[in-house]
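Novice: Quick one: the structure is below, and I'll ask about it shortly.
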Amino acid sequence: MKDFRLYTITGEEFHSGRSMLEVMEEAVKGGSDIIQLRDKFSSKKEVFEKAKKLREMTARYGAAFIVNDHIDVALAAGADGIHLGQDDLPLSEARKIVGEDMIIGISTHAIEEAREAERNGADYIGVGPVFATKSKVDVIDPVTTSYVKQVADEITIPFVAIGGIKLHNVDQVIDAGADRICAISEIVGSTDIQGTCQAFLDKLDAKRRIEK
Ligand code: TZP
Ligand code: MG
């Protein structure tokens, strides 16, 4: 998959009066190079309608588009990939359905899950929740930055840190070894979405400069 740095997920409870499309377009304009449609409440038909809009918008900007949970919606809307959790269809089965070209991302909360996802051909993994978050209903206890460090030290496929990541604490996540950051509320709840994305990217860039 094309490399990415800033991953934004929809969280319509934080969009505060703005349309989903408008919010996500701001995120892409701000430099978010991968976006995910995550909707645990709407009917499949509604999710599909949203997916089509996001597909069209992301294609215009050259950003990647991922659908959470719904493999059928991802395929029907022409998404670049799907994101699955530990309780979704197993990766090997999902791969049979979507084929080799589609991106498959897997949420992980422990190093055994990360190793398994890597072994089974995940394109990237999510690592979290790093900090406490209210954006996920069935959320587990924070995995902390020590899990980020463990993954950074051992796993070779791309990983994205997620969960409670804000501009004020992202440095801790970057210091633990994360090169890619994902956020919902800090980005989509911002009154200056582009500025927030740019500030995350500046922090990631600062790390790259130090490492060079
Ligand atoms: N998976 C792990 S934490 C999380 C998801 C979807 C929610 C992240 O949202 P926020 O608002 O960035 O904490
Ligand atoms: Mg899921």
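Following the order of the structure tokens, chains are lettered A, B, ..., residues in each are numbered from 1, and ligands are numbered from 1.
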Per DSSP on the backbone, filter segment 87-200 of chain A down to the residues in strand (DSSP E or B) and report them as a list of chain:residue names.

Specialist: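 Selecting the strand (DSSP E or B) positions of segment 87-200 of chain A gives A:Ile103, A:Ile104, A:Gly105, A:Ile106, A:Ser107, A:Thr108, A:Tyr124, A:Ile125, A:Gly126, A:Val127, A:Phe159, A:Val160, A:Ala161, A:Ile181, A:Cys182, A:Ala183.
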
Novice: Just to be explicit: take each residue in the selection above, keep all heavy atoms, and write the result as a compact mmCIF listing (two decimals), in the first residue's frame.

Specialist:
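Output file out.txt is given in full below:
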# COMPACT_ATOMS: atom_id res chain seq x y z
N ILE A 103 -6.46 -3.18 0.44
CA ILE A 103 -5.78 -3.01 1.74
C ILE A 103 -6.64 -3.66 2.82
O ILE A 103 -7.86 -3.47 2.85
CB ILE A 103 -5.65 -1.50 2.06
CG1 ILE A 103 -4.77 -0.80 1.02
CG2 ILE A 103 -5.13 -1.28 3.47
CD1 ILE A 103 -4.87 0.74 1.07
N ILE A 104 -6.01 -4.43 3.70
CA ILE A 104 -6.71 -4.92 4.89
C ILE A 104 -5.94 -4.45 6.13
O ILE A 104 -4.75 -4.74 6.28
CB ILE A 104 -6.85 -6.45 4.93
CG1 ILE A 104 -7.60 -6.96 3.68
CG2 ILE A 104 -7.60 -6.88 6.20
CD1 ILE A 104 -7.88 -8.46 3.68
N GLY A 105 -6.64 -3.71 6.96
CA GLY A 105 -6.07 -3.24 8.23
C GLY A 105 -6.74 -3.98 9.37
O GLY A 105 -7.94 -4.28 9.31
N ILE A 106 -5.96 -4.27 10.41
CA ILE A 106 -6.47 -5.04 11.54
C ILE A 106 -6.18 -4.31 12.85
O ILE A 106 -5.04 -3.89 13.09
CB ILE A 106 -5.77 -6.44 11.60
CG1 ILE A 106 -5.99 -7.23 10.30
CG2 ILE A 106 -6.21 -7.24 12.82
CD1 ILE A 106 -7.39 -7.78 10.11
N SER A 107 -7.20 -4.18 13.71
CA SER A 107 -6.99 -3.59 15.03
C SER A 107 -6.29 -4.60 15.93
O SER A 107 -6.68 -5.77 15.97
CB SER A 107 -8.34 -3.28 15.69
OG SER A 107 -9.03 -2.31 14.98
N THR A 108 -5.28 -4.14 16.65
CA THR A 108 -4.60 -5.04 17.60
C THR A 108 -4.44 -4.34 18.94
O THR A 108 -4.32 -3.12 19.00
CB THR A 108 -3.20 -5.46 17.10
OG1 THR A 108 -2.31 -4.32 17.20
CG2 THR A 108 -3.23 -5.96 15.66
N TYR A 124 -1.63 -3.27 7.19
CA TYR A 124 -1.21 -2.41 8.30
C TYR A 124 -1.98 -2.87 9.53
O TYR A 124 -2.99 -3.59 9.40
CB TYR A 124 -1.48 -0.92 8.00
CG TYR A 124 -2.94 -0.54 8.11
CD1 TYR A 124 -3.50 -0.12 9.31
CD2 TYR A 124 -3.78 -0.63 7.00
CE1 TYR A 124 -4.85 0.21 9.40
CE2 TYR A 124 -5.13 -0.30 7.09
CZ TYR A 124 -5.66 0.12 8.30
OH TYR A 124 -6.99 0.42 8.41
N ILE A 125 -1.53 -2.45 10.69
CA ILE A 125 -2.31 -2.73 11.91
C ILE A 125 -2.59 -1.44 12.66
O ILE A 125 -1.81 -0.49 12.59
CB ILE A 125 -1.61 -3.74 12.86
CG1 ILE A 125 -0.19 -3.27 13.22
CG2 ILE A 125 -1.61 -5.14 12.26
CD1 ILE A 125 0.45 -4.11 14.33
N GLY A 126 -3.67 -1.44 13.39
CA GLY A 126 -3.97 -0.37 14.35
C GLY A 126 -3.44 -0.82 15.70
O GLY A 126 -3.51 -2.00 16.04
N VAL A 127 -2.89 0.12 16.44
CA VAL A 127 -2.27 -0.17 17.73
C VAL A 127 -2.93 0.74 18.77
O VAL A 127 -2.70 1.94 18.78
CB VAL A 127 -0.75 0.07 17.64
CG1 VAL A 127 -0.10 0.10 19.00
CG2 VAL A 127 -0.10 -0.98 16.75
N PHE A 159 2.28 0.37 11.04
CA PHE A 159 1.28 0.40 12.12
C PHE A 159 0.87 1.84 12.39
O PHE A 159 1.66 2.77 12.20
CB PHE A 159 1.79 -0.29 13.39
CG PHE A 159 2.80 0.51 14.18
CD1 PHE A 159 2.39 1.38 15.18
CD2 PHE A 159 4.16 0.40 13.92
CE1 PHE A 159 3.31 2.11 15.92
CE2 PHE A 159 5.10 1.13 14.64
CZ PHE A 159 4.67 1.99 15.64
N VAL A 160 -0.36 1.98 12.82
CA VAL A 160 -0.87 3.32 13.13
C VAL A 160 -1.38 3.31 14.57
O VAL A 160 -2.13 2.43 14.97
CB VAL A 160 -1.97 3.74 12.11
CG1 VAL A 160 -3.17 2.81 12.10
CG2 VAL A 160 -2.40 5.17 12.33
N ALA A 161 -0.90 4.27 15.35
CA ALA A 161 -1.33 4.38 16.75
C ALA A 161 -2.67 5.09 16.81
O ALA A 161 -2.91 6.04 16.06
CB ALA A 161 -0.28 5.14 17.55
N ILE A 181 -0.17 8.26 12.76
CA ILE A 181 -1.10 8.59 13.83
C ILE A 181 -2.53 8.56 13.31
O ILE A 181 -2.78 9.01 12.18
CB ILE A 181 -0.78 10.02 14.36
CG1 ILE A 181 0.60 10.06 15.02
CG2 ILE A 181 -1.85 10.55 15.29
CD1 ILE A 181 0.71 9.22 16.27
N CYS A 182 -3.41 8.08 14.15
CA CYS A 182 -4.83 8.09 13.79
C CYS A 182 -5.62 8.78 14.89
O CYS A 182 -5.34 8.58 16.07
CB CYS A 182 -5.33 6.65 13.64
SG CYS A 182 -7.07 6.55 13.23
N ALA A 183 -6.58 9.59 14.49
CA ALA A 183 -7.43 10.25 15.49
C ALA A 183 -8.84 10.40 14.95
O ALA A 183 -9.05 10.53 13.74
CB ALA A 183 -6.86 11.61 15.85

Novice: Mind running chain A against ligand 2 at 12 Å and telling me each contacting residue's nearest atom pair with the distance in Å (one decimal), counting only C-alpha atoms and all ligand atoms, chain and number ascending, as a tab-separated table?

Specialist:
residue	atom	partner	partner_atom_place_in_ligand_line	distance
A:Gln36	CA	ligand 2	1 (Mg)	11.9
A:Leu37	CA	ligand 2	1 (Mg)	11.3
A:Arg38	CA	ligand 2	1 (Mg)	8.7
A:Asp39	CA	ligand 2	1 (Mg)	9.9
A:Lys40	CA	ligand 2	1 (Mg)	8.8
A:Val67	CA	ligand 2	1 (Mg)	9.7
A:Asn68	CA	ligand 2	1 (Mg)	6.0
A:Asp69	CA	ligand 2	1 (Mg)	4.3
A:His70	CA	ligand 2	1 (Mg)	8.0
A:Ile71	CA	ligand 2	1 (Mg)	10.1
A:Ile82	CA	ligand 2	1 (Mg)	9.5
A:His83	CA	ligand 2	1 (Mg)	6.9
A:Leu84	CA	ligand 2	1 (Mg)	4.7
A:Gly85	CA	ligand 2	1 (Mg)	4.3
A:Gln86	CA	ligand 2	1 (Mg)	7.4
A:Asp87	CA	ligand 2	1 (Mg)	6.7
A:Asp88	CA	ligand 2	1 (Mg)	5.4
A:Leu89	CA	ligand 2	1 (Mg)	8.6
A:Pro90	CA	ligand 2	1 (Mg)	10.8
A:Leu91	CA	ligand 2	1 (Mg)	11.7
A:Ile104	CA	ligand 2	1 (Mg)	11.9
A:Gly105	CA	ligand 2	1 (Mg)	10.4
A:Ile106	CA	ligand 2	1 (Mg)	8.9
A:Ser107	CA	ligand 2	1 (Mg)	8.3
A:Thr108	CA	ligand 2	1 (Mg)	11.4
A:Gly126	CA	ligand 2	1 (Mg)	11.8
A:Lys136	CA	ligand 2	1 (Mg)	11.0
A:Val137	CA	ligand 2	1 (Mg)	11.9
A:Asp138	CA	ligand 2	1 (Mg)	10.9
A:Val139	CA	ligand 2	1 (Mg)	11.9

Novice: Go ahead and save the residues from that selection, with N, CA, C and O atoms, as a short mmCIF file (atom, residue, chain, number, x, y, z; two decimals), in the first residue's frame.

Specialist:
data_model
loop_
_atom_site.label_atom_id
_atom_site.label_comp_id
_atom_site.auth_asym_id
_atom_site.auth_seq_id
_atom_site.Cartn_x
_atom_site.Cartn_y
_atom_site.Cartn_z
N GLN A 36 -11.09 6.81 6.98
CA GLN A 36 -11.92 5.63 7.20
C GLN A 36 -13.35 6.03 7.53
O GLN A 36 -13.57 6.92 8.35
N LEU A 37 -14.27 5.34 6.90
CA LEU A 37 -15.69 5.49 7.26
C LEU A 37 -15.99 4.46 8.34
O LEU A 37 -15.90 3.25 8.11
N ARG A 38 -16.32 4.97 9.53
CA ARG A 38 -16.65 4.10 10.65
C ARG A 38 -18.03 4.52 11.14
O ARG A 38 -18.19 5.63 11.65
N ASP A 39 -19.01 3.67 10.96
CA ASP A 39 -20.38 4.01 11.30
C ASP A 39 -21.05 2.77 11.86
O ASP A 39 -21.36 1.84 11.14
N LYS A 40 -21.22 2.78 13.19
CA LYS A 40 -21.75 1.61 13.88
C LYS A 40 -23.27 1.67 14.01
O LYS A 40 -23.86 0.77 14.58
N VAL A 67 -13.09 1.33 4.51
CA VAL A 67 -14.39 1.15 5.17
C VAL A 67 -14.21 0.22 6.37
O VAL A 67 -13.57 -0.83 6.25
N ASN A 68 -14.76 0.62 7.49
CA ASN A 68 -14.71 -0.22 8.70
C ASN A 68 -15.83 -1.25 8.67
O ASN A 68 -16.98 -0.92 8.33
N ASP A 69 -15.53 -2.45 9.02
CA ASP A 69 -16.50 -3.55 9.23
C ASP A 69 -17.10 -4.15 7.96
O ASP A 69 -17.17 -5.37 7.85
N HIS A 70 -17.63 -3.32 7.06
CA HIS A 70 -18.47 -3.82 5.96
C HIS A 70 -17.67 -4.12 4.71
O HIS A 70 -17.44 -3.24 3.87
N ILE A 71 -17.30 -5.37 4.54
CA ILE A 71 -16.53 -5.76 3.36
C ILE A 71 -17.35 -5.54 2.09
O ILE A 71 -16.84 -5.06 1.07
N ILE A 82 -10.35 -2.26 3.64
CA ILE A 82 -11.28 -2.48 4.75
C ILE A 82 -10.48 -2.52 6.05
O ILE A 82 -9.28 -2.84 6.05
N HIS A 83 -11.17 -2.20 7.13
CA HIS A 83 -10.54 -2.30 8.44
C HIS A 83 -11.36 -3.24 9.31
O HIS A 83 -12.57 -3.07 9.44
N LEU A 84 -10.69 -4.22 9.89
CA LEU A 84 -11.38 -5.24 10.68
C LEU A 84 -10.83 -5.31 12.09
O LEU A 84 -9.62 -5.13 12.32
N GLY A 85 -11.73 -5.62 13.02
CA GLY A 85 -11.32 -5.79 14.42
C GLY A 85 -11.12 -7.27 14.72
O GLY A 85 -11.29 -8.13 13.85
N GLN A 86 -10.78 -7.53 15.97
CA GLN A 86 -10.50 -8.91 16.37
C GLN A 86 -11.76 -9.78 16.33
O GLN A 86 -11.67 -11.01 16.29
N ASP A 87 -12.94 -9.17 16.38
CA ASP A 87 -14.18 -9.95 16.36
C ASP A 87 -14.86 -9.98 15.00
O ASP A 87 -15.97 -10.48 14.86
N ASP A 88 -14.21 -9.44 14.01
CA ASP A 88 -14.78 -9.47 12.65
C ASP A 88 -14.35 -10.75 11.93
O ASP A 88 -13.67 -11.61 12.50
N LEU A 89 -14.72 -10.84 10.67
CA LEU A 89 -14.33 -11.99 9.86
C LEU A 89 -12.80 -12.14 9.90
O LEU A 89 -12.09 -11.15 9.79
N PRO A 90 -12.29 -13.37 10.06
CA PRO A 90 -10.83 -13.53 10.10
C PRO A 90 -10.17 -12.99 8.83
O PRO A 90 -10.74 -13.06 7.73
N LEU A 91 -8.97 -12.48 9.00
CA LEU A 91 -8.21 -11.88 7.91
C LEU A 91 -8.09 -12.81 6.69
O LEU A 91 -8.28 -12.37 5.55
N ILE A 104 -6.01 -4.43 3.70
CA ILE A 104 -6.71 -4.92 4.89
C ILE A 104 -5.94 -4.45 6.13
O ILE A 104 -4.75 -4.74 6.28
N GLY A 105 -6.64 -3.71 6.96
CA GLY A 105 -6.07 -3.24 8.23
C GLY A 105 -6.74 -3.98 9.37
O GLY A 105 -7.94 -4.28 9.31
N ILE A 106 -5.96 -4.27 10.41
CA ILE A 106 -6.47 -5.04 11.54
C ILE A 106 -6.18 -4.31 12.85
O ILE A 106 -5.04 -3.89 13.09
N SER A 107 -7.20 -4.18 13.71
CA SER A 107 -6.99 -3.59 15.03
C SER A 107 -6.29 -4.60 15.93
O SER A 107 -6.68 -5.77 15.97
N THR A 108 -5.28 -4.14 16.65
CA THR A 108 -4.60 -5.04 17.60
C THR A 108 -4.44 -4.34 18.94
O THR A 108 -4.32 -3.12 19.00
N GLY A 126 -3.67 -1.44 13.39
CA GLY A 126 -3.97 -0.37 14.35
C GLY A 126 -3.44 -0.82 15.70
O GLY A 126 -3.51 -2.00 16.04
N LYS A 136 -15.13 5.15 21.31
CA LYS A 136 -15.43 3.77 20.98
C LYS A 136 -16.21 3.20 22.14
O LYS A 136 -15.81 3.34 23.30
N VAL A 137 -17.32 2.55 21.84
CA VAL A 137 -18.23 2.10 22.89
C VAL A 137 -17.64 0.93 23.68
O VAL A 137 -17.54 0.95 24.90
N ASP A 138 -17.24 -0.11 22.97
CA ASP A 138 -16.78 -1.34 23.63
C ASP A 138 -15.27 -1.32 23.86
O ASP A 138 -14.59 -2.32 23.70
N VAL A 139 -14.77 -0.15 24.25
CA VAL A 139 -13.31 0.02 24.28
C VAL A 139 -12.67 -0.72 25.46
O VAL A 139 -13.28 -0.82 26.53
#

Novice: Considering only C-alpha atoms and all ligand atoms, tabulate each residue of chain A that lies at most 8 Å from ligand 1 along with its nearest interatomic pair and the corresponding distance in Å to one decimal; arrange the rows by chain and ascending residue number and present them as a Markdown table.

Specialist:
| residue | atom | partner | partner_atom_place_in_ligand_line | distance |
| --- | --- | --- | --- | --- |
| A:Ile9 | CA | ligand 1 | 6 (C) | 7.6 |
| A:Gly11 | CA | ligand 1 | 11 (O) | 7.7 |
| A:Arg38 | CA | ligand 1 | 6 (C) | 7.8 |
| A:Ser107 | CA | ligand 1 | 1 (N) | 7.1 |
| A:Gly126 | CA | ligand 1 | 2 (C) | 7.6 |
| A:Val127 | CA | ligand 1 | 2 (C) | 7.6 |
| A:Gly128 | CA | ligand 1 | 2 (C) | 5.2 |
| A:Pro129 | CA | ligand 1 | 3 (S) | 4.2 |
| A:Val130 | CA | ligand 1 | 3 (S) | 7.4 |
| A:Phe131 | CA | ligand 1 | 13 (O) | 7.4 |
| A:Ala132 | CA | ligand 1 | 13 (O) | 7.0 |
| A:Thr133 | CA | ligand 1 | 13 (O) | 4.3 |
| A:Lys134 | CA | ligand 1 | 13 (O) | 6.3 |
| A:Ser135 | CA | ligand 1 | 9 (O) | 4.6 |
| A:Lys136 | CA | ligand 1 | 7 (C) | 4.9 |
| A:Val139 | CA | ligand 1 | 3 (S) | 6.8 |
| A:Ile162 | CA | ligand 1 | 3 (S) | 5.3 |
| A:Gly163 | CA | ligand 1 | 3 (S) | 3.7 |
| A:Gly164 | CA | ligand 1 | 13 (O) | 3.4 |
| A:Ile165 | CA | ligand 1 | 12 (O) | 5.4 |
| A:Lys166 | CA | ligand 1 | 12 (O) | 7.3 |
| A:Cys182 | CA | ligand 1 | 12 (O) | 6.6 |
| A:Ala183 | CA | ligand 1 | 12 (O) | 3.6 |
| A:Ile184 | CA | ligand 1 | 12 (O) | 3.8 |
| A:Ser185 | CA | ligand 1 | 11 (O) | 3.6 |
| A:Glu186 | CA | ligand 1 | 12 (O) | 6.1 |
| A:Ile187 | CA | ligand 1 | 12 (O) | 7.8 |

Novice: Counting only C-alpha atoms, which residue out of A:His168, A:Lys52, A:His109, A:Arg119 sits closest to Val143 of chain A?

Specialist: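 Smallest distance to Val143 of chain A is found for A:His109.
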
Novice: When DSSP is applied to the backbone of this structure, which of segment 27-192 of chain A are assigned alpha helix (DSSP H)? Write them out as an MDAnalysis selection string.

Specialist: chainID A and resid 27:29 44:61 71:77 91:98 111:119 144:154 170:175 185:188

Novice: For the residues in that selection, give me C-alpha atoms as a PDB file, in the first residue's frame.

Specialist:
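Written file, selection-v2.pdb:
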ATOM      1  CA  ALA A  27      -9.224  16.522   6.969  1.00  0.00           C
ATOM      2  CA  VAL A  28      -7.952  15.526   3.528  1.00  0.00           C
ATOM      3  CA  LYS A  29      -7.171  19.145   2.647  1.00  0.00           C
ATOM      4  CA  LYS A  44     -26.092  -0.765   5.428  1.00  0.00           C
ATOM      5  CA  LYS A  45     -27.795   1.279   2.748  1.00  0.00           C
ATOM      6  CA  GLU A  46     -26.920   4.525   4.524  1.00  0.00           C
ATOM      7  CA  VAL A  47     -23.341   3.386   5.087  1.00  0.00           C
ATOM      8  CA  PHE A  48     -23.107   2.609   1.380  1.00  0.00           C
ATOM      9  CA  GLU A  49     -24.407   6.087   0.454  1.00  0.00           C
ATOM     10  CA  LYS A  50     -21.774   7.677   2.691  1.00  0.00           C
ATOM     11  CA  ALA A  51     -19.084   5.391   1.290  1.00  0.00           C
ATOM     12  CA  LYS A  52     -19.857   6.417  -2.274  1.00  0.00           C
ATOM     13  CA  LYS A  53     -19.524  10.115  -1.368  1.00  0.00           C
ATOM     14  CA  LEU A  54     -16.259   9.572   0.477  1.00  0.00           C
ATOM     15  CA  ARG A  55     -14.894   7.457  -2.353  1.00  0.00           C
ATOM     16  CA  GLU A  56     -15.563  10.199  -4.853  1.00  0.00           C
ATOM     17  CA  MET A  57     -14.069  12.920  -2.624  1.00  0.00           C
ATOM     18  CA  THR A  58     -10.914  10.984  -1.634  1.00  0.00           C
ATOM     19  CA  ALA A  59     -10.290   9.992  -5.257  1.00  0.00           C
ATOM     20  CA  ARG A  60     -10.304  13.677  -6.226  1.00  0.00           C
ATOM     21  CA  TYR A  61      -7.496  14.361  -3.723  1.00  0.00           C
ATOM     22  CA  ILE A  71     -16.527  -5.763   3.360  1.00  0.00           C
ATOM     23  CA  ASP A  72     -19.498  -5.710   0.977  1.00  0.00           C
ATOM     24  CA  VAL A  73     -19.848  -1.936   1.225  1.00  0.00           C
ATOM     25  CA  ALA A  74     -16.123  -1.489   0.658  1.00  0.00           C
ATOM     26  CA  LEU A  75     -16.286  -3.574  -2.505  1.00  0.00           C
ATOM     27  CA  ALA A  76     -19.495  -2.003  -3.779  1.00  0.00           C
ATOM     28  CA  ALA A  77     -18.210   1.544  -3.236  1.00  0.00           C
ATOM     29  CA  LEU A  91      -8.207 -11.879   7.908  1.00  0.00           C
ATOM     30  CA  SER A  92      -7.606 -15.000   5.799  1.00  0.00           C
ATOM     31  CA  GLU A  93     -11.324 -15.226   4.934  1.00  0.00           C
ATOM     32  CA  ALA A  94     -11.571 -11.514   4.242  1.00  0.00           C
ATOM     33  CA  ARG A  95      -8.550 -11.790   1.938  1.00  0.00           C
ATOM     34  CA  LYS A  96     -10.320 -14.482  -0.111  1.00  0.00           C
ATOM     35  CA  ILE A  97     -13.233 -12.096  -0.626  1.00  0.00           C
ATOM     36  CA  VAL A  98     -11.388  -8.874  -1.411  1.00  0.00           C
ATOM     37  CA  ILE A 111       1.735  -8.144  20.553  1.00  0.00           C
ATOM     38  CA  GLU A 112       0.343 -11.646  19.863  1.00  0.00           C
ATOM     39  CA  GLU A 113      -2.450 -10.064  17.799  1.00  0.00           C
ATOM     40  CA  ALA A 114       0.060  -7.891  15.958  1.00  0.00           C
ATOM     41  CA  ARG A 115       2.241 -10.912  15.151  1.00  0.00           C
ATOM     42  CA  GLU A 116      -0.768 -12.881  13.935  1.00  0.00           C
ATOM     43  CA  ALA A 117      -1.961 -10.013  11.710  1.00  0.00           C
ATOM     44  CA  GLU A 118       1.511  -9.657  10.223  1.00  0.00           C
ATOM     45  CA  ARG A 119       1.818 -13.404   9.649  1.00  0.00           C
ATOM     46  CA  THR A 144      -0.280   2.535  26.767  1.00  0.00           C
ATOM     47  CA  THR A 145       2.776   3.686  24.853  1.00  0.00           C
ATOM     48  CA  SER A 146       4.664   0.566  25.953  1.00  0.00           C
ATOM     49  CA  TYR A 147       2.644  -1.467  23.443  1.00  0.00           C
ATOM     50  CA  VAL A 148       3.444   1.137  20.765  1.00  0.00           C
ATOM     51  CA  LYS A 149       7.125   0.668  21.559  1.00  0.00           C
ATOM     52  CA  GLN A 150       6.829  -3.120  21.460  1.00  0.00           C
ATOM     53  CA  VAL A 151       5.248  -2.966  17.997  1.00  0.00           C
ATOM     54  CA  ALA A 152       7.765  -0.393  16.754  1.00  0.00           C
ATOM     55  CA  ASP A 153      10.608  -2.669  17.872  1.00  0.00           C
ATOM     56  CA  GLU A 154       9.268  -5.906  16.451  1.00  0.00           C
ATOM     57  CA  VAL A 170       1.003  12.886  20.493  1.00  0.00           C
ATOM     58  CA  ASP A 171       4.703  13.498  21.252  1.00  0.00           C
ATOM     59  CA  GLN A 172       4.627  10.621  23.744  1.00  0.00           C
ATOM     60  CA  VAL A 173       3.287   8.332  21.008  1.00  0.00           C
ATOM     61  CA  ILE A 174       5.871   9.533  18.508  1.00  0.00           C
ATOM     62  CA  ASP A 175       8.638   9.113  21.089  1.00  0.00           C
ATOM     63  CA  SER A 185     -12.270  13.355  18.067  1.00  0.00           C
ATOM     64  CA  GLU A 186      -9.182  15.587  18.010  1.00  0.00           C
ATOM     65  CA  ILE A 187      -9.514  16.034  14.248  1.00  0.00           C
ATOM     66  CA  VAL A 188     -13.199  15.799  13.376  1.00  0.00           C
TER      67      VAL A 188
END

Novice: If we count only C-alpha atoms, what is near Ile34 of chain A at a cut-off of 10 Å, once residues fewer than 3 positions away on the same chain are taken out, given as number ranges by chain?

Specialist: A: 2-9, 27-28, 31, 58, 62-66, 80, 182

Novice: One number please: atom CA of Phe14 of chain A to atom CA of Ala176 of chain A, in Å, one decimal.

Specialist: 27.8 Å

Novice: If you measure from atom CA of His15 of chain A to atom CA of Ala79 of chain A, what distance in Å do you get, rounded to one decimal?

Specialist: 22.2 Å
